[in-house]
Amino acid sequence: MKYEIAGRADAAEAVVLSAGLGGAAGFWAPQMAALAPRFRILLFDQRGTGRNAGPLPDGYTIGHMADDVLAVMDTAGIARAHFLGHALGGLVGLDIARRHPERLGRMVLVNAWAKADRHTERCFDIRLGILQSQGPAAYVAAQPLFLHTAPYLSANHEKILAEVAHGTAHFQGAGNLLKRIGALRAFDARADLADIATPALVAASRDDLLVPWTASQALAEGLPAARLWLTEQGGHAFTVEQPEPFNATMAEFLLSA
């Protein structure tokens, strides 16, 4: 697994960044300025994507993704770190917290869930239907509709076109995508939440089209050491659309240990 270390090399604390279904470390670019002066940052593209592209094995699970994170931490010499995860990336953090809590300090779970909501399942059915009937280019072209708000898409039209072109050129492959979606759909941590003592900030946007904010609310209520932070707008990618309020809250939470 290829990875990158950024931020302060001499920082006492480290933060691991785990992206969502796209798997790209670059998703967290809007958070780097808030984290880099204070933390050593571990960045990596998830297995099967980007710089770690390659076919995924059958039966690939969120647990395997969590094991990948721990292996990268070991290689980087990081025994314990805070964790920042978006959607699927948040599930990875939850799995580490329930199986290896000693490896985590605090975790920030963005638009995550304990069990996929019925609406989220419906959205994935639609996205997979586009992939299967029209191919990867159409799937990638539709992706911004589930990530962003309409005003953002309108105001950033050229940027979105460039991102779609890049996403199409570097598509992780239908086989890998199906396995990664299967992993997040199979994930269910509801029975374990009460035993996860890792302090958590659960963040969500009320206008997220893909993951209802109520899924984050239920997650925060189920975790004994969690608090819920909501923003009114910004969609599923509110950390990109409106990063400043989230960045301030996230940094304050991580530094309050």
# chains A, B, ... in the order shown; residues from 1 in each chain; ligands from 1
$ residues_around --residues "stretch 204-221 of chain A" --least-positions-apart "5" --cutoff "10 Å" --atoms "only C-alpha atoms" --output "mmCIF file with all heavy atoms, in the first residue's frame"
data_model
loop_
_atom_site.group_PDB
_atom_site.id
_atom_site.type_symbol
_atom_site.label_atom_id
_atom_site.label_comp_id
_atom_site.auth_asym_id
_atom_site.auth_seq_id
_atom_site.Cartn_x
_atom_site.Cartn_y
_atom_site.Cartn_z
ATOM 1 N N HIS A 86 -14.862 9.643 5.799
ATOM 2 C CA HIS A 86 -16.060 10.125 5.113
ATOM 3 C C HIS A 86 -16.859 8.939 4.585
ATOM 4 O O HIS A 86 -16.336 8.116 3.830
ATOM 5 C CB HIS A 86 -15.676 11.039 3.957
ATOM 6 C CG HIS A 86 -16.849 11.537 3.167
ATOM 7 N ND1 HIS A 86 -17.211 11.008 1.954
ATOM 8 C CD2 HIS A 86 -17.755 12.513 3.431
ATOM 9 C CE1 HIS A 86 -18.277 11.636 1.493
ATOM 10 N NE2 HIS A 86 -18.630 12.559 2.366
ATOM 11 N N ALA A 87 -18.134 8.838 4.984
ATOM 12 C CA ALA A 87 -19.052 7.799 4.492
ATOM 13 C C ALA A 87 -18.428 6.419 4.658
ATOM 14 O O ALA A 87 -18.198 5.982 5.787
ATOM 15 C CB ALA A 87 -19.460 8.093 3.054
ATOM 16 N N LEU A 109 -16.407 11.176 12.156
ATOM 17 C CA LEU A 109 -17.168 10.355 11.214
ATOM 18 C C LEU A 109 -18.107 11.270 10.427
ATOM 19 O O LEU A 109 -19.057 11.826 10.985
ATOM 20 C CB LEU A 109 -17.958 9.282 11.965
ATOM 21 C CG LEU A 109 -17.131 8.429 12.939
ATOM 22 C CD1 LEU A 109 -18.045 7.486 13.724
ATOM 23 C CD2 LEU A 109 -16.058 7.645 12.203
ATOM 24 N N VAL A 110 -17.849 11.428 9.147
ATOM 25 C CA VAL A 110 -18.586 12.368 8.300
ATOM 26 C C VAL A 110 -19.582 11.605 7.429
ATOM 27 O O VAL A 110 -19.198 10.728 6.648
ATOM 28 C CB VAL A 110 -17.609 13.170 7.411
ATOM 29 C CG1 VAL A 110 -18.379 14.136 6.514
ATOM 30 C CG2 VAL A 110 -16.599 13.919 8.265
ATOM 31 N N ASN A 111 -20.860 11.921 7.565
ATOM 32 C CA ASN A 111 -21.910 11.271 6.765
ATOM 33 C C ASN A 111 -21.797 9.749 6.824
ATOM 34 O O ASN A 111 -21.941 9.058 5.816
ATOM 35 C CB ASN A 111 -21.848 11.738 5.305
ATOM 36 C CG ASN A 111 -22.137 13.210 5.155
ATOM 37 O OD1 ASN A 111 -22.865 13.793 5.946
ATOM 38 N ND2 ASN A 111 -21.562 13.836 4.147
ATOM 39 N N ALA A 112 -21.536 9.222 8.000
ATOM 40 C CA ALA A 112 -21.372 7.778 8.182
ATOM 41 C C ALA A 112 -22.647 7.179 8.765
ATOM 42 O O ALA A 112 -23.634 7.878 9.015
ATOM 43 C CB ALA A 112 -20.177 7.496 9.084
ATOM 44 N N TRP A 113 -22.607 5.877 8.982
ATOM 45 C CA TRP A 113 -23.789 5.185 9.485
ATOM 46 C C TRP A 113 -23.380 3.882 10.157
ATOM 47 O O TRP A 113 -22.284 3.361 9.929
ATOM 48 C CB TRP A 113 -24.760 4.893 8.336
ATOM 49 C CG TRP A 113 -24.163 4.076 7.225
ATOM 50 C CD1 TRP A 113 -24.058 2.716 7.161
ATOM 51 C CD2 TRP A 113 -23.566 4.560 6.010
ATOM 52 N NE1 TRP A 113 -23.450 2.310 5.995
ATOM 53 C CE2 TRP A 113 -23.136 3.423 5.264
ATOM 54 C CE3 TRP A 113 -23.363 5.839 5.488
ATOM 55 C CZ2 TRP A 113 -22.510 3.549 4.029
ATOM 56 C CZ3 TRP A 113 -22.742 5.949 4.254
ATOM 57 C CH2 TRP A 113 -22.328 4.818 3.537
ATOM 58 N N ALA A 114 -24.277 3.365 10.983
ATOM 59 C CA ALA A 114 -24.053 2.048 11.583
ATOM 60 C C ALA A 114 -24.569 0.951 10.669
ATOM 61 O O ALA A 114 -24.034 -0.164 10.639
ATOM 62 C CB ALA A 114 -24.744 1.968 12.948
ATOM 63 N N LYS A 115 -25.626 1.254 9.926
ATOM 64 C CA LYS A 115 -26.222 0.340 8.949
ATOM 65 C C LYS A 115 -26.812 1.191 7.840
ATOM 66 O O LYS A 115 -27.495 2.192 8.107
ATOM 67 C CB LYS A 115 -27.313 -0.511 9.609
ATOM 68 C CG LYS A 115 -28.174 -1.333 8.656
ATOM 69 C CD LYS A 115 -27.377 -2.413 7.964
ATOM 70 C CE LYS A 115 -28.282 -3.266 7.061
ATOM 71 N NZ LYS A 115 -27.511 -4.249 6.270
ATOM 72 N N ALA A 116 -26.572 0.835 6.603
ATOM 73 C CA ALA A 116 -27.032 1.649 5.479
ATOM 74 C C ALA A 116 -28.540 1.862 5.519
ATOM 75 O O ALA A 116 -29.314 0.919 5.684
ATOM 76 C CB ALA A 116 -26.624 1.005 4.156
ATOM 77 N N ASP A 117 -28.958 3.109 5.371
ATOM 78 C CA ASP A 117 -30.366 3.483 5.354
ATOM 79 C C ASP A 117 -31.039 2.992 4.072
ATOM 80 O O ASP A 117 -30.388 2.826 3.033
ATOM 81 C CB ASP A 117 -30.463 5.008 5.453
ATOM 82 C CG ASP A 117 -31.895 5.508 5.509
ATOM 83 O OD1 ASP A 117 -32.447 5.564 6.611
ATOM 84 O OD2 ASP A 117 -32.451 5.849 4.438
ATOM 85 N N ARG A 118 -32.340 2.778 4.126
ATOM 86 C CA ARG A 118 -33.075 2.314 2.948
ATOM 87 C C ARG A 118 -32.952 3.285 1.781
ATOM 88 O O ARG A 118 -32.860 2.876 0.620
ATOM 89 C CB ARG A 118 -34.555 2.109 3.307
ATOM 90 C CG ARG A 118 -34.809 0.915 4.229
ATOM 91 C CD ARG A 118 -36.266 0.822 4.601
ATOM 92 N NE ARG A 118 -36.678 1.976 5.400
ATOM 93 C CZ ARG A 118 -37.907 2.174 5.861
ATOM 94 N NH1 ARG A 118 -38.860 1.301 5.582
ATOM 95 N NH2 ARG A 118 -38.196 3.228 6.595
ATOM 96 N N HIS A 119 -32.952 4.587 2.092
ATOM 97 C CA HIS A 119 -32.801 5.569 1.036
ATOM 98 C C HIS A 119 -31.415 5.472 0.392
ATOM 99 O O HIS A 119 -31.278 5.565 -0.834
ATOM 100 C CB HIS A 119 -33.023 6.980 1.572
ATOM 101 C CG HIS A 119 -32.681 8.046 0.577
ATOM 102 N ND1 HIS A 119 -33.470 8.325 -0.509
ATOM 103 C CD2 HIS A 119 -31.600 8.876 0.489
ATOM 104 C CE1 HIS A 119 -32.911 9.291 -1.225
ATOM 105 N NE2 HIS A 119 -31.768 9.631 -0.641
ATOM 106 N N THR A 120 -30.383 5.284 1.206
ATOM 107 C CA THR A 120 -29.035 5.123 0.677
ATOM 108 C C THR A 120 -28.956 3.888 -0.210
ATOM 109 O O THR A 120 -28.331 3.906 -1.283
ATOM 110 C CB THR A 120 -28.021 5.022 1.832
ATOM 111 O OG1 THR A 120 -28.121 6.191 2.648
ATOM 112 C CG2 THR A 120 -26.595 4.892 1.314
ATOM 113 N N GLU A 121 -29.585 2.820 0.223
ATOM 114 C CA GLU A 121 -29.636 1.605 -0.595
ATOM 115 C C GLU A 121 -30.288 1.893 -1.950
ATOM 116 O O GLU A 121 -29.818 1.427 -3.001
ATOM 117 C CB GLU A 121 -30.432 0.520 0.138
ATOM 118 C CG GLU A 121 -29.781 0.000 1.414
ATOM 119 C CD GLU A 121 -28.832 -1.158 1.129
ATOM 120 O OE1 GLU A 121 -28.454 -1.356 -0.045
ATOM 121 O OE2 GLU A 121 -28.480 -1.860 2.083
ATOM 122 N N ARG A 122 -31.352 2.667 -1.937
ATOM 123 C CA ARG A 122 -32.051 3.012 -3.189
ATOM 124 C C ARG A 122 -31.137 3.807 -4.112
ATOM 125 O O ARG A 122 -31.095 3.577 -5.328
ATOM 126 C CB ARG A 122 -33.311 3.814 -2.868
ATOM 127 C CG ARG A 122 -34.180 4.140 -4.078
ATOM 128 C CD ARG A 122 -35.374 4.994 -3.695
ATOM 129 N NE ARG A 122 -36.168 4.379 -2.648
ATOM 130 C CZ ARG A 122 -36.297 4.877 -1.417
ATOM 131 N NH1 ARG A 122 -35.696 6.007 -1.095
ATOM 132 N NH2 ARG A 122 -37.050 4.276 -0.523
ATOM 133 N N CYS A 123 -30.389 4.740 -3.528
ATOM 134 C CA CYS A 123 -29.454 5.529 -4.336
ATOM 135 C C CYS A 123 -28.390 4.642 -4.974
ATOM 136 O O CYS A 123 -28.036 4.836 -6.150
ATOM 137 C CB CYS A 123 -28.787 6.599 -3.467
ATOM 138 S SG CYS A 123 -29.878 7.960 -2.979
ATOM 139 N N PHE A 124 -27.880 3.664 -4.234
ATOM 140 C CA PHE A 124 -26.878 2.769 -4.805
ATOM 141 C C PHE A 124 -27.488 1.883 -5.884
ATOM 142 O O PHE A 124 -26.825 1.572 -6.883
ATOM 143 C CB PHE A 124 -26.216 1.935 -3.715
ATOM 144 C CG PHE A 124 -25.124 2.672 -2.986
ATOM 145 C CD1 PHE A 124 -25.238 2.958 -1.642
ATOM 146 C CD2 PHE A 124 -23.992 3.086 -3.661
ATOM 147 C CE1 PHE A 124 -24.229 3.658 -0.974
ATOM 148 C CE2 PHE A 124 -22.975 3.781 -3.009
ATOM 149 C CZ PHE A 124 -23.095 4.067 -1.658
ATOM 150 N N LEU A 145 -24.145 14.429 -8.817
ATOM 151 C CA LEU A 145 -25.525 14.683 -8.399
ATOM 152 C C LEU A 145 -25.779 14.155 -6.991
ATOM 153 O O LEU A 145 -26.612 14.702 -6.257
ATOM 154 C CB LEU A 145 -26.507 14.036 -9.378
ATOM 155 C CG LEU A 145 -26.416 14.490 -10.838
ATOM 156 C CD1 LEU A 145 -27.384 13.687 -11.693
ATOM 157 C CD2 LEU A 145 -26.691 15.980 -10.951
ATOM 158 N N PHE A 146 -25.082 13.087 -6.609
ATOM 159 C CA PHE A 146 -25.255 12.506 -5.279
ATOM 160 C C PHE A 146 -24.318 13.123 -4.249
ATOM 161 O O PHE A 146 -24.548 12.976 -3.050
ATOM 162 C CB PHE A 146 -25.016 10.991 -5.346
ATOM 163 C CG PHE A 146 -26.023 10.255 -6.183
ATOM 164 C CD1 PHE A 146 -25.787 9.996 -7.524
ATOM 165 C CD2 PHE A 146 -27.227 9.846 -5.634
ATOM 166 C CE1 PHE A 146 -26.720 9.328 -8.300
ATOM 167 C CE2 PHE A 146 -28.171 9.176 -6.394
ATOM 168 C CZ PHE A 146 -27.919 8.919 -7.736
ATOM 169 N N LEU A 147 -23.288 13.822 -4.726
ATOM 170 C CA LEU A 147 -22.298 14.405 -3.817
ATOM 171 C C LEU A 147 -22.596 15.856 -3.475
ATOM 172 O O LEU A 147 -22.407 16.277 -2.326
ATOM 173 C CB LEU A 147 -20.901 14.330 -4.445
ATOM 174 C CG LEU A 147 -20.267 12.958 -4.610
ATOM 175 C CD1 LEU A 147 -18.909 13.105 -5.289
ATOM 176 C CD2 LEU A 147 -20.107 12.274 -3.265
ATOM 177 N N HIS A 148 -23.034 16.632 -4.458
ATOM 178 C CA HIS A 148 -23.061 18.079 -4.320
ATOM 179 C C HIS A 148 -24.468 18.653 -4.404
ATOM 180 O O HIS A 148 -25.398 18.009 -4.893
ATOM 181 C CB HIS A 148 -22.193 18.717 -5.408
ATOM 182 C CG HIS A 148 -20.737 18.416 -5.273
ATOM 183 N ND1 HIS A 148 -19.983 18.852 -4.216
ATOM 184 C CD2 HIS A 148 -19.896 17.710 -6.080
ATOM 185 C CE1 HIS A 148 -18.731 18.449 -4.364
ATOM 186 N NE2 HIS A 148 -18.660 17.747 -5.480
ATOM 187 N N THR A 149 -24.579 19.903 -3.961
ATOM 188 C CA THR A 149 -25.838 20.633 -4.074
ATOM 189 C C THR A 149 -25.936 21.271 -5.456
ATOM 190 O O THR A 149 -24.915 21.518 -6.129
ATOM 191 C CB THR A 149 -25.926 21.736 -3.014
ATOM 192 O OG1 THR A 149 -24.870 22.687 -3.235
ATOM 193 C CG2 THR A 149 -25.790 21.148 -1.615
ATOM 194 N N ALA A 189 -22.927 -2.262 12.274
ATOM 195 C CA ALA A 189 -22.267 -2.125 13.580
ATOM 196 C C ALA A 189 -23.248 -1.804 14.693
ATOM 197 O O ALA A 189 -22.830 -1.477 15.808
ATOM 198 C CB ALA A 189 -21.196 -1.044 13.498
ATOM 199 N N ARG A 190 -24.533 -1.915 14.427
ATOM 200 C CA ARG A 190 -25.522 -1.483 15.413
ATOM 201 C C ARG A 190 -25.388 -2.203 16.746
ATOM 202 O O ARG A 190 -25.512 -1.588 17.810
ATOM 203 C CB ARG A 190 -26.935 -1.686 14.847
ATOM 204 C CG ARG A 190 -27.288 -0.722 13.715
ATOM 205 C CD ARG A 190 -28.639 -1.039 13.099
ATOM 206 N NE ARG A 190 -28.627 -2.357 12.460
ATOM 207 C CZ ARG A 190 -29.675 -2.893 11.826
ATOM 208 N NH1 ARG A 190 -30.822 -2.203 11.756
ATOM 209 N NH2 ARG A 190 -29.582 -4.078 11.251
ATOM 210 N N LEU A 193 -22.264 -0.681 18.864
ATOM 211 C CA LEU A 193 -22.073 0.736 19.133
ATOM 212 C C LEU A 193 -21.896 1.046 20.611
ATOM 213 O O LEU A 193 -21.025 1.850 20.992
ATOM 214 C CB LEU A 193 -23.247 1.553 18.572
ATOM 215 C CG LEU A 193 -23.401 1.594 17.051
ATOM 216 C CD1 LEU A 193 -24.542 2.530 16.674
ATOM 217 C CD2 LEU A 193 -22.119 2.016 16.375
ATOM 218 N N ALA A 194 -22.700 0.437 21.453
ATOM 219 C CA ALA A 194 -22.652 0.748 22.885
ATOM 220 C C ALA A 194 -21.315 0.397 23.516
ATOM 221 O O ALA A 194 -20.968 0.923 24.579
ATOM 222 C CB ALA A 194 -23.778 0.018 23.617
ATOM 223 N N ALA A 226 -20.004 10.151 21.864
ATOM 224 C CA ALA A 226 -20.107 10.885 20.606
ATOM 225 C C ALA A 226 -20.954 12.134 20.766
ATOM 226 O O ALA A 226 -21.829 12.209 21.632
ATOM 227 C CB ALA A 226 -20.710 9.995 19.519
ATOM 228 N N ARG A 227 -20.671 13.108 19.909
ATOM 229 C CA ARG A 227 -21.558 14.263 19.788
ATOM 230 C C ARG A 227 -21.824 14.511 18.313
ATOM 231 O O ARG A 227 -20.985 14.237 17.454
ATOM 232 C CB ARG A 227 -20.987 15.502 20.469
ATOM 233 C CG ARG A 227 -19.776 16.139 19.838
ATOM 234 C CD ARG A 227 -19.349 17.333 20.690
ATOM 235 N NE ARG A 227 -18.161 17.993 20.233
ATOM 236 C CZ ARG A 227 -18.145 19.066 19.445
ATOM 237 N NH1 ARG A 227 -19.290 19.563 18.993
ATOM 238 N NH2 ARG A 227 -17.000 19.639 19.105
ATOM 239 N N LEU A 228 -23.018 15.030 18.036
ATOM 240 C CA LEU A 228 -23.465 15.257 16.666
ATOM 241 C C LEU A 228 -23.272 16.715 16.294
ATOM 242 O O LEU A 228 -23.604 17.618 17.062
ATOM 243 C CB LEU A 228 -24.940 14.877 16.543
ATOM 244 C CG LEU A 228 -25.601 15.062 15.173
ATOM 245 C CD1 LEU A 228 -25.005 14.104 14.154
ATOM 246 C CD2 LEU A 228 -27.113 14.841 15.288
ATOM 247 N N TRP A 229 -22.696 16.940 15.095
ATOM 248 C CA TRP A 229 -22.554 18.296 14.556
ATOM 249 C C TRP A 229 -23.232 18.313 13.194
ATOM 250 O O TRP A 229 -22.926 17.491 12.328
ATOM 251 C CB TRP A 229 -21.076 18.660 14.415
ATOM 252 C CG TRP A 229 -20.836 20.042 13.881
ATOM 253 C CD1 TRP A 229 -20.769 21.191 14.603
ATOM 254 C CD2 TRP A 229 -20.631 20.422 12.507
ATOM 255 N NE1 TRP A 229 -20.530 22.268 13.774
ATOM 256 C CE2 TRP A 229 -20.439 21.817 12.483
ATOM 257 C CE3 TRP A 229 -20.581 19.707 11.307
ATOM 258 C CZ2 TRP A 229 -20.211 22.518 11.300
ATOM 259 C CZ3 TRP A 229 -20.365 20.398 10.124
ATOM 260 C CH2 TRP A 229 -20.178 21.787 10.123
ATOM 261 N N LEU A 230 -24.151 19.263 13.010
ATOM 262 C CA LEU A 230 -24.906 19.351 11.755
ATOM 263 C C LEU A 230 -24.697 20.699 11.095
ATOM 264 O O LEU A 230 -24.613 21.728 11.769
ATOM 265 C CB LEU A 230 -26.404 19.153 12.016
ATOM 266 C CG LEU A 230 -26.866 17.789 12.523
ATOM 267 C CD1 LEU A 230 -28.354 17.839 12.861
ATOM 268 C CD2 LEU A 230 -26.590 16.707 11.491
ATOM 269 N N THR A 231 -24.611 20.668 9.777
ATOM 270 C CA THR A 231 -24.649 21.888 8.991
ATOM 271 C C THR A 231 -25.919 21.862 8.152
ATOM 272 O O THR A 231 -26.434 20.784 7.829
ATOM 273 C CB THR A 231 -23.400 22.014 8.101
ATOM 274 O OG1 THR A 231 -23.433 23.279 7.428
ATOM 275 C CG2 THR A 231 -23.337 20.907 7.065
ATOM 276 N N GLU A 232 -26.425 23.024 7.818
ATOM 277 C CA GLU A 232 -27.702 23.085 7.111
ATOM 278 C C GLU A 232 -27.573 22.738 5.634
ATOM 279 O O GLU A 232 -28.509 22.226 5.033
ATOM 280 C CB GLU A 232 -28.315 24.484 7.259
ATOM 281 C CG GLU A 232 -28.760 24.808 8.672
ATOM 282 C CD GLU A 232 -29.816 23.841 9.190
ATOM 283 O OE1 GLU A 232 -30.750 23.512 8.432
ATOM 284 O OE2 GLU A 232 -29.694 23.410 10.349
ATOM 285 N N GLN A 233 -26.418 23.007 5.045
ATOM 286 C CA GLN A 233 -26.287 22.775 3.611
ATOM 287 C C GLN A 233 -24.859 22.436 3.240
ATOM 288 O O GLN A 233 -23.930 22.694 4.000
ATOM 289 C CB GLN A 233 -26.757 23.999 2.830
ATOM 290 C CG GLN A 233 -26.070 25.295 3.202
ATOM 291 C CD GLN A 233 -26.734 26.501 2.562
ATOM 292 O OE1 GLN A 233 -27.791 26.391 1.939
ATOM 293 N NE2 GLN A 233 -26.115 27.651 2.696
ATOM 294 N N GLY A 234 -24.713 21.833 2.082
ATOM 295 C CA GLY A 234 -23.406 21.412 1.604
ATOM 296 C C GLY A 234 -23.430 20.027 0.994
ATOM 297 O O GLY A 234 -22.456 19.573 0.419
ATOM 298 N N GLY A 235 -24.563 19.318 1.151
ATOM 299 C CA GLY A 235 -24.711 18.013 0.533
ATOM 300 C C GLY A 235 -23.817 16.947 1.137
ATOM 301 O O GLY A 235 -23.277 17.089 2.237
ATOM 302 N N HIS A 236 -23.645 15.861 0.393
ATOM 303 C CA HIS A 236 -22.830 14.743 0.866
ATOM 304 C C HIS A 236 -21.357 15.133 0.945
ATOM 305 O O HIS A 236 -20.597 14.540 1.728
ATOM 306 C CB HIS A 236 -23.005 13.552 -0.082
ATOM 307 C CG HIS A 236 -22.445 12.267 0.438
ATOM 308 N ND1 HIS A 236 -22.874 11.676 1.599
ATOM 309 C CD2 HIS A 236 -21.461 11.460 -0.051
ATOM 310 C CE1 HIS A 236 -22.193 10.552 1.813
ATOM 311 N NE2 HIS A 236 -21.326 10.410 0.826
ATOM 312 N N ALA A 237 -20.961 16.115 0.165
ATOM 313 C CA ALA A 237 -19.571 16.580 0.176
ATOM 314 C C ALA A 237 -19.482 17.974 0.802
ATOM 315 O O ALA A 237 -18.796 18.852 0.286
ATOM 316 C CB ALA A 237 -18.996 16.583 -1.235
ATOM 317 N N PHE A 238 -20.145 18.183 1.930
ATOM 318 C CA PHE A 238 -20.114 19.506 2.556
ATOM 319 C C PHE A 238 -18.721 19.889 3.024
ATOM 320 O O PHE A 238 -18.396 21.069 3.167
ATOM 321 C CB PHE A 238 -21.112 19.590 3.724
ATOM 322 C CG PHE A 238 -20.757 18.776 4.931
ATOM 323 C CD1 PHE A 238 -19.904 19.273 5.900
ATOM 324 C CD2 PHE A 238 -21.285 17.502 5.106
ATOM 325 C CE1 PHE A 238 -19.588 18.529 7.027
ATOM 326 C CE2 PHE A 238 -20.974 16.749 6.224
ATOM 327 C CZ PHE A 238 -20.110 17.264 7.190
ATOM 328 N N THR A 239 -17.863 18.897 3.245
ATOM 329 C CA THR A 239 -16.478 19.192 3.616
ATOM 330 C C THR A 239 -15.717 19.838 2.466
ATOM 331 O O THR A 239 -14.674 20.458 2.682
ATOM 332 C CB THR A 239 -15.749 17.904 4.041
ATOM 333 O OG1 THR A 239 -15.830 16.937 2.974
ATOM 334 C CG2 THR A 239 -16.372 17.313 5.290
ATOM 335 N N PHE A 246 -16.832 23.302 9.274
ATOM 336 C CA PHE A 246 -16.469 21.940 9.659
ATOM 337 C C PHE A 246 -15.025 21.875 10.127
ATOM 338 O O PHE A 246 -14.720 21.247 11.147
ATOM 339 C CB PHE A 246 -16.679 20.977 8.497
ATOM 340 C CG PHE A 246 -16.070 19.621 8.734
ATOM 341 C CD1 PHE A 246 -16.668 18.722 9.601
ATOM 342 C CD2 PHE A 246 -14.883 19.255 8.103
ATOM 343 C CE1 PHE A 246 -16.088 17.479 9.842
ATOM 344 C CE2 PHE A 246 -14.300 18.021 8.330
ATOM 345 C CZ PHE A 246 -14.914 17.127 9.207
#
$ select_by_dssp --residues "stretch 122-231 of chain A" --states "strand (DSSP E)" --output "PyMOL selection string"
chain A and resi 200-205+226-231
$ residues_around --residues "stretch 125-127 of chain A" --least-positions-apart "3" --cutoff "8 Å" --atoms "only C-alpha atoms" --output "PyMOL selection string"
chain A and resi 121-122+130-131+139+142-143
$ residues_around --residues "A:Val92" --least-positions-apart "6" --cutoff "7 Å" --atoms "only C-alpha atoms" --output "PDB file with N, CA and C atoms, in the first residue's frame"
ATOM      1  N   ILE A  62     -15.480  -4.315   4.838  1.00  0.00           N
ATOM      2  CA  ILE A  62     -15.007  -3.147   5.587  1.00  0.00           C
ATOM      3  C   ILE A  62     -13.892  -3.562   6.547  1.00  0.00           C
ATOM      4  N   MET A  65     -10.712  -3.448   4.768  1.00  0.00           N
ATOM      5  CA  MET A  65     -10.277  -2.057   4.608  1.00  0.00           C
ATOM      6  C   MET A  65      -9.659  -1.541   5.899  1.00  0.00           C
ATOM      7  N   ALA A  66     -10.258  -1.897   7.037  1.00  0.00           N
ATOM      8  CA  ALA A  66      -9.699  -1.490   8.329  1.00  0.00           C
ATOM      9  C   ALA A  66      -8.326  -2.115   8.544  1.00  0.00           C
TER      10      ALA A  66
END
$ select_by_dssp --residues "stretch 8-256 of chain A" --states "alpha helix (DSSP H)" --output "PyMOL selection string"
chain A and resi 29-35+62-76+88-99+118-134+136-147+150-155+157-169+174-186+213-222+238-241+243-255
$ atom_distance --atom1 "atom CA of A:Asp68" --atom2 "atom CA of A:Arg47"
7.6 Å
$ closest_residue --among "A:Ile41, A:Leu184, A:Val164, A:Met1" --to "A:Asp67" --atoms "only C-alpha atoms"
A:Met1
$ closest_residue --among "A:Leu17, A:Ala36, A:Leu255, A:Leu43" --to "A:Ile5" --atoms "only C-alpha atoms"
A:Leu43
$ residues_around --residues "A:Val108" --least-positions-apart "2" --cutoff "9 Å" --atoms "only C-alpha atoms" --output "list of chain:residue names"
A:His82, A:Phe83, A:Leu84, A:Gly85, A:His86, A:Gly90, A:Gly93, A:Arg106, A:Val110, A:Pro199, A:Ala200, A:Leu201, A:Val202, A:Ala203, A:Met250, A:Phe253, A:Leu254
$ atom_distance --atom1 "atom CA of A:Ile160" --atom2 "atom CA of A:Pro136"
16.3 Å
$ residues_around --residues "stretch 69-76 of chain A" --least-positions-apart "2" --cutoff "9 Å" --atoms "only C-alpha atoms" --output "NGL selection string"
:A and (1-5 or 16 or 18 or 42 or 44 or 46 or 64-67 or 78-81 or 92 or 96 or 103)
$ closest_residue --among "A:Leu104, A:Ala25, A:Ala14, A:Ile181" --to "A:Phe39" --atoms "only C-alpha atoms"
A:Ala14
$ closest_residue --among "A:Leu128, A:Phe171, A:Gly77, A:Thr61" --to "A:Ala186" --atoms "only C-alpha atoms"
A:Thr61
$ residues_around --residues "A:Gly175" --least-positions-apart "3" --cutoff "10 Å" --atoms "only C-alpha atoms" --output "PyMOL selection string"
chain A and resi 48+55-58+172+178-180
$ closest_residue --among "A:Glu158, A:Asp192, A:Asp45, A:Asp10" --to "A:Arg99" --atoms "only C-alpha atoms"
A:Asp192
$ atom_distance --atom1 "atom CA of A:Ala225" --atom2 "atom CA of A:Ala97"
11.9 Å
